[in-house]
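Read the structure below first, then the notes.
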Amino acid sequence: MWPPTRTVLVATALFCALLDHAAGLKASDLFKVCNRNDPHLDDCARQTLEELRPKFKKGIPELKMASVDPMVIPRVSVTQGSGPVSIDSTFTNLHVEGITNYKINKMHVDPDNHRIDIEVELPYMYVYGDYTINGKVLVLPIQGNGDSWSNYTDVTGTAALIGHKETRKGEDFWKLDKLNFSLAVKRAIIHMNNLFNGNKQLGDSMNKFMSDNWEVVFEELKPVVDEAISAILYDVAIKVFDRFPMNQLFPEK
């Protein structure tokens with residue numbers, strides 16, 4: 001067996017050091033933690049999330065957490081057989097920009113009942129990706145495939161993180177059961193390229209029609225968009241809750 005070179009030994013030592021560091025990583029190494037008995041716990045938690053904004057934008061490699069801005073949604077399918085919008089559509093490789101520009105309007109943390117409620121405000125949310133669609137919007141037929149974009153302004157998002165206590169190796173963790181997210185917007189512009197096989201006149205007319213009647217279109221898309229964003233935010237949250245015990249996230253002293 002050949003003897004290890006100095007380069008291999010150095011690389012191995014560095015790798016082991018990184019593992020040791022990761023194993024000893026504490027919540028307070030990454031963000032400000034809040035005392036669970038603090039009478040101003042909600043304000044403290046709000047400040048923590050505000051200070052985490054740049055890290056959410058950049059990603060947190062210590063937790064194997066990628067950037068959430070842009071947030072990437074691999075696939076969203078919408079099938080509506082009746083109602084004002086009757087469509088069969090699929091959106092793929094959706095990129096959502098603007099998520100980390102949040103301002104927290106309300107926040108309530110209940111460590112005893114393992115629940116967090118948050119309301120955030122975003123100045124805008126820009127979404128782009130690929131689409132296929134066939135059906136009708138109100139009285140007009142719609143058909144096409146290609147790339148699309150939409151811009152939502154004055155966005156409000158509410159999230160509820162609900163879990164329970166789970167004891168592992170003598171330590172209590174916040175086991176996250178579900179994260180429910182709901183989106184509301186005050187204005188939207190929706191645009192799809194290559195509608196009606198590239199017919200510019202028909203495509204321009206339909207894009208204007210959808211933007212003029214954006215509330216109807218958004219209401220049909222909202223449930224699946226909420227579900228997709230909830231799944232991504234859940235994946236972000238469990239990287240924190242599954243990693244750090246409660247006595248690190250919300251210490252009593």
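Residue numbering restarts at 1 for every chain of the structure tokens, chains are lettered A, B, ... in their displayed order, and ligands are numbered from 1 as they appear.
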What are the DSSP alpha helix (DSSP H) residues of segment 149-229 of chain A, as a VMD selection string? chain A and resid 200 to 212 214 to 229
Could you pull the residues within 10 Å of Tyr102 of chain A, counting only C-alpha atoms, minus those fewer than 5 positions along the same chain, as number ranges by chain? A: 49-50, 53, 119-124, 155-157
Skip Ile99 of chain A itself and residues of its chain fewer than 4 positions away, then list as number ranges by chain all residues within 9 Å of it, counting only C-alpha atoms. A: 57, 68-71, 122, 124-125
Apply DSSP to the structure's backbone, then extract all residues of segment 5-220 of chain A labelled strand (DSSP E) and return them as a ChimeraX atom specification. /A:71-79,85-97,103-110,115-137,140-168,171-192
Nearest-residue call for Lys32 of chain A, choices A:Thr100, A:Phe250, A:Val72, A:Met107, using only C-alpha atoms: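 Distance minimum relative to Lys32 of chain A lands on A:Phe250.
Reported to one decimal place, the separation of atom CA of Pro84 of chain A from atom CA of Phe196 of chain A is 19.9 Å.
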I'd like the contact shell of Tyr152 of chain A - 7 Å cut-off, only C-alpha atoms, skipping same-chain residues fewer than 4 positions apart - returned as a PyMOL selection string. chain A and resi 124-126+185+187-189
Those same residues, written as a PDB file, in the first residue's frame with all heavy atoms?
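Writing done, so here's again-v4.pdb:
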```
ATOM      1  N   TYR A 124     -42.229  43.369  -3.623  1.00  0.00           N
ATOM      2  CA  TYR A 124     -42.531  42.730  -4.902  1.00  0.00           C
ATOM      3  C   TYR A 124     -42.108  41.269  -4.849  1.00  0.00           C
ATOM      4  O   TYR A 124     -41.322  40.846  -3.991  1.00  0.00           O
ATOM      5  CB  TYR A 124     -41.796  43.414  -6.062  1.00  0.00           C
ATOM      6  CG  TYR A 124     -40.327  43.070  -6.112  1.00  0.00           C
ATOM      7  CD1 TYR A 124     -39.855  42.005  -6.888  1.00  0.00           C
ATOM      8  CD2 TYR A 124     -39.395  43.776  -5.358  1.00  0.00           C
ATOM      9  CE1 TYR A 124     -38.511  41.675  -6.909  1.00  0.00           C
ATOM     10  CE2 TYR A 124     -38.050  43.445  -5.380  1.00  0.00           C
ATOM     11  CZ  TYR A 124     -37.614  42.393  -6.154  1.00  0.00           C
ATOM     12  OH  TYR A 124     -36.285  42.053  -6.154  1.00  0.00           O
ATOM     13  N   MET A 125     -42.624  40.506  -5.796  1.00  0.00           N
ATOM     14  CA  MET A 125     -42.203  39.127  -5.997  1.00  0.00           C
ATOM     15  C   MET A 125     -42.227  38.877  -7.506  1.00  0.00           C
ATOM     16  O   MET A 125     -43.279  38.966  -8.148  1.00  0.00           O
ATOM     17  CB  MET A 125     -43.136  38.157  -5.278  1.00  0.00           C
ATOM     18  CG  MET A 125     -42.533  36.803  -5.017  1.00  0.00           C
ATOM     19  SD  MET A 125     -43.563  35.790  -3.910  1.00  0.00           S
ATOM     20  CE  MET A 125     -44.972  35.480  -4.956  1.00  0.00           C
ATOM     21  N   TYR A 126     -41.067  38.595  -8.072  1.00  0.00           N
ATOM     22  CA  TYR A 126     -40.939  38.408  -9.519  1.00  0.00           C
ATOM     23  C   TYR A 126     -40.728  36.925  -9.790  1.00  0.00           C
ATOM     24  O   TYR A 126     -39.853  36.288  -9.204  1.00  0.00           O
ATOM     25  CB  TYR A 126     -39.762  39.217 -10.054  1.00  0.00           C
ATOM     26  CG  TYR A 126     -39.582  39.131 -11.547  1.00  0.00           C
ATOM     27  CD1 TYR A 126     -40.460  39.760 -12.413  1.00  0.00           C
ATOM     28  CD2 TYR A 126     -38.518  38.414 -12.089  1.00  0.00           C
ATOM     29  CE1 TYR A 126     -40.295  39.677 -13.791  1.00  0.00           C
ATOM     30  CE2 TYR A 126     -38.340  38.330 -13.461  1.00  0.00           C
ATOM     31  CZ  TYR A 126     -39.230  38.963 -14.304  1.00  0.00           C
ATOM     32  OH  TYR A 126     -39.060  38.869 -15.665  1.00  0.00           O
ATOM     33  N   VAL A 185     -51.701  39.291  -2.740  1.00  0.00           N
ATOM     34  CA  VAL A 185     -51.065  40.363  -3.507  1.00  0.00           C
ATOM     35  C   VAL A 185     -52.106  41.426  -3.851  1.00  0.00           C
ATOM     36  O   VAL A 185     -53.305  41.148  -3.917  1.00  0.00           O
ATOM     37  CB  VAL A 185     -50.409  39.834  -4.805  1.00  0.00           C
ATOM     38  CG1 VAL A 185     -49.375  38.781  -4.484  1.00  0.00           C
ATOM     39  CG2 VAL A 185     -51.445  39.275  -5.760  1.00  0.00           C
ATOM     40  N   ARG A 187     -51.490  43.573  -6.611  1.00  0.00           N
ATOM     41  CA  ARG A 187     -51.430  43.849  -8.051  1.00  0.00           C
ATOM     42  C   ARG A 187     -50.512  42.829  -8.700  1.00  0.00           C
ATOM     43  O   ARG A 187     -49.538  42.383  -8.097  1.00  0.00           O
ATOM     44  CB  ARG A 187     -50.888  45.265  -8.312  1.00  0.00           C
ATOM     45  CG  ARG A 187     -50.832  45.646  -9.795  1.00  0.00           C
ATOM     46  CD  ARG A 187     -52.216  45.932 -10.356  1.00  0.00           C
ATOM     47  NE  ARG A 187     -52.166  46.329 -11.756  1.00  0.00           N
ATOM     48  CZ  ARG A 187     -52.438  45.526 -12.783  1.00  0.00           C
ATOM     49  NH1 ARG A 187     -52.735  44.257 -12.585  1.00  0.00           N
ATOM     50  NH2 ARG A 187     -52.415  45.985 -14.013  1.00  0.00           N
ATOM     51  N   ALA A 188     -50.854  42.445  -9.931  1.00  0.00           N
ATOM     52  CA  ALA A 188     -50.026  41.484 -10.653  1.00  0.00           C
ATOM     53  C   ALA A 188     -50.049  41.779 -12.146  1.00  0.00           C
ATOM     54  O   ALA A 188     -51.068  42.205 -12.697  1.00  0.00           O
ATOM     55  CB  ALA A 188     -50.515  40.063 -10.397  1.00  0.00           C
ATOM     56  N   ILE A 189     -48.918  41.572 -12.771  1.00  0.00           N
ATOM     57  CA  ILE A 189     -48.802  41.597 -14.227  1.00  0.00           C
ATOM     58  C   ILE A 189     -48.332  40.210 -14.648  1.00  0.00           C
ATOM     59  O   ILE A 189     -47.333  39.702 -14.137  1.00  0.00           O
ATOM     60  CB  ILE A 189     -47.802  42.664 -14.707  1.00  0.00           C
ATOM     61  CG1 ILE A 189     -48.261  44.062 -14.271  1.00  0.00           C
ATOM     62  CG2 ILE A 189     -47.643  42.606 -16.223  1.00  0.00           C
ATOM     63  CD1 ILE A 189     -47.252  45.162 -14.567  1.00  0.00           C
TER      64      ILE A 189
END
```
Rows by chain and residue number, segment 97-130 of chain A within 9 Å of segment 36-41 of chain A, shortest pair, only C-alpha atoms, as CSV:
```
residue,atom,partner,partner_atom,distance
A:His108,CA,A:Leu41,CA,8.2
A:Val109,CA,A:Leu41,CA,7.1
A:Asp110,CA,A:Arg36,CA,8.6
A:Pro111,CA,A:Arg36,CA,6.9
A:Asp112,CA,A:Arg36,CA,8.9
```
Residues of the last selection are to be written out with N, CA and C atoms, as a PDB file, in the first residue's frame.
```
ATOM      1  N   HIS A 108     -45.461  35.806  16.382  1.00  0.00           N
ATOM      2  CA  HIS A 108     -45.744  35.284  17.721  1.00  0.00           C
ATOM      3  C   HIS A 108     -45.113  33.910  17.851  1.00  0.00           C
ATOM      4  N   VAL A 109     -44.319  33.748  18.910  1.00  0.00           N
ATOM      5  CA  VAL A 109     -43.610  32.494  19.168  1.00  0.00           C
ATOM      6  C   VAL A 109     -44.165  31.871  20.438  1.00  0.00           C
ATOM      7  N   ASP A 110     -44.577  30.606  20.341  1.00  0.00           N
ATOM      8  CA  ASP A 110     -45.121  29.873  21.486  1.00  0.00           C
ATOM      9  C   ASP A 110     -44.326  28.579  21.650  1.00  0.00           C
ATOM     10  N   PRO A 111     -43.173  28.643  22.352  1.00  0.00           N
ATOM     11  CA  PRO A 111     -42.332  27.444  22.489  1.00  0.00           C
ATOM     12  C   PRO A 111     -43.035  26.304  23.215  1.00  0.00           C
ATOM     13  N   ASP A 112     -43.888  26.617  24.174  1.00  0.00           N
ATOM     14  CA  ASP A 112     -44.555  25.562  24.936  1.00  0.00           C
ATOM     15  C   ASP A 112     -45.482  24.729  24.061  1.00  0.00           C
TER      16      ASP A 112
END
```
Would you kindly return, as a list in words, each protein, DNA or RNA residue with an atom no farther than 12 Å from any atom of Val216 of chain A, considering only C-alpha atoms and excluding same-chain residues fewer than 2 positions away? Gly83, Pro84, Val85, Ser86, Lys136, Val137, Leu138, Arg187, Ala188, Ile190, Phe209, Met210, Ser211, Asp212, Asn213, Trp214, Phe218, Glu219, Glu220, Leu221 and Lys222 of chain A
Residues within 12 Å of Ala66 of chain A, please, as a list in words. Count only C-alpha atoms; anything in the same chain fewer than 3 positions from it doesn't count.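 The contact residues come out as Lys55, Phe56, Lys57, Lys58, Gly59, Ile60, Pro61, Glu62, Leu63, Asp69, Pro70, Met71, Val72, Ile232, Leu233, Asp235, Val236 and Lys239 of chain A.
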Report, in Å to a single decimal, how far apart atom CA of Ala27 of chain A and atom CA of Ser67 of chain A are.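 Separation of atom CA of Ser67 of chain A and atom CA of Ala27 of chain A: 18.6 Å.
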Have a look at A:Ser148, A:Gln143, A:Asn101, A:Thr153 and name the one nearest to Met206 of chain A; count only C-alpha atoms. A:Gln143
Residue nearest Ile142 of chain A - candidates A:Asn113, A:Ser205, A:Thr158, A:Thr92, atoms counted: only C-alpha atoms: A:Ser205
For a quick check of understanding, using only C-alpha atoms, which of A:Val76, A:Gln47, A:Leu202, A:Met246 has the smallest distance to Leu140 of chain A? A:Leu202
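Put simply, atom CA of Trp149 of chain A is 24.9 Å away from atom CA of Tyr234 of chain A.
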Residue neighbourhood Gly203 of chain A, 8 Å, only C-alpha atoms, exclusion window fewer than 6 positions, as a list of chain:residue names: A:Met192, A:Asn193, A:Asn194, A:Leu195, A:Phe196
So which one's closest to Lys103 of chain A, A:Asp88, A:Asp242, A:Asp154, A:Asp130? Using only C-alpha atoms, please. A:Asp154
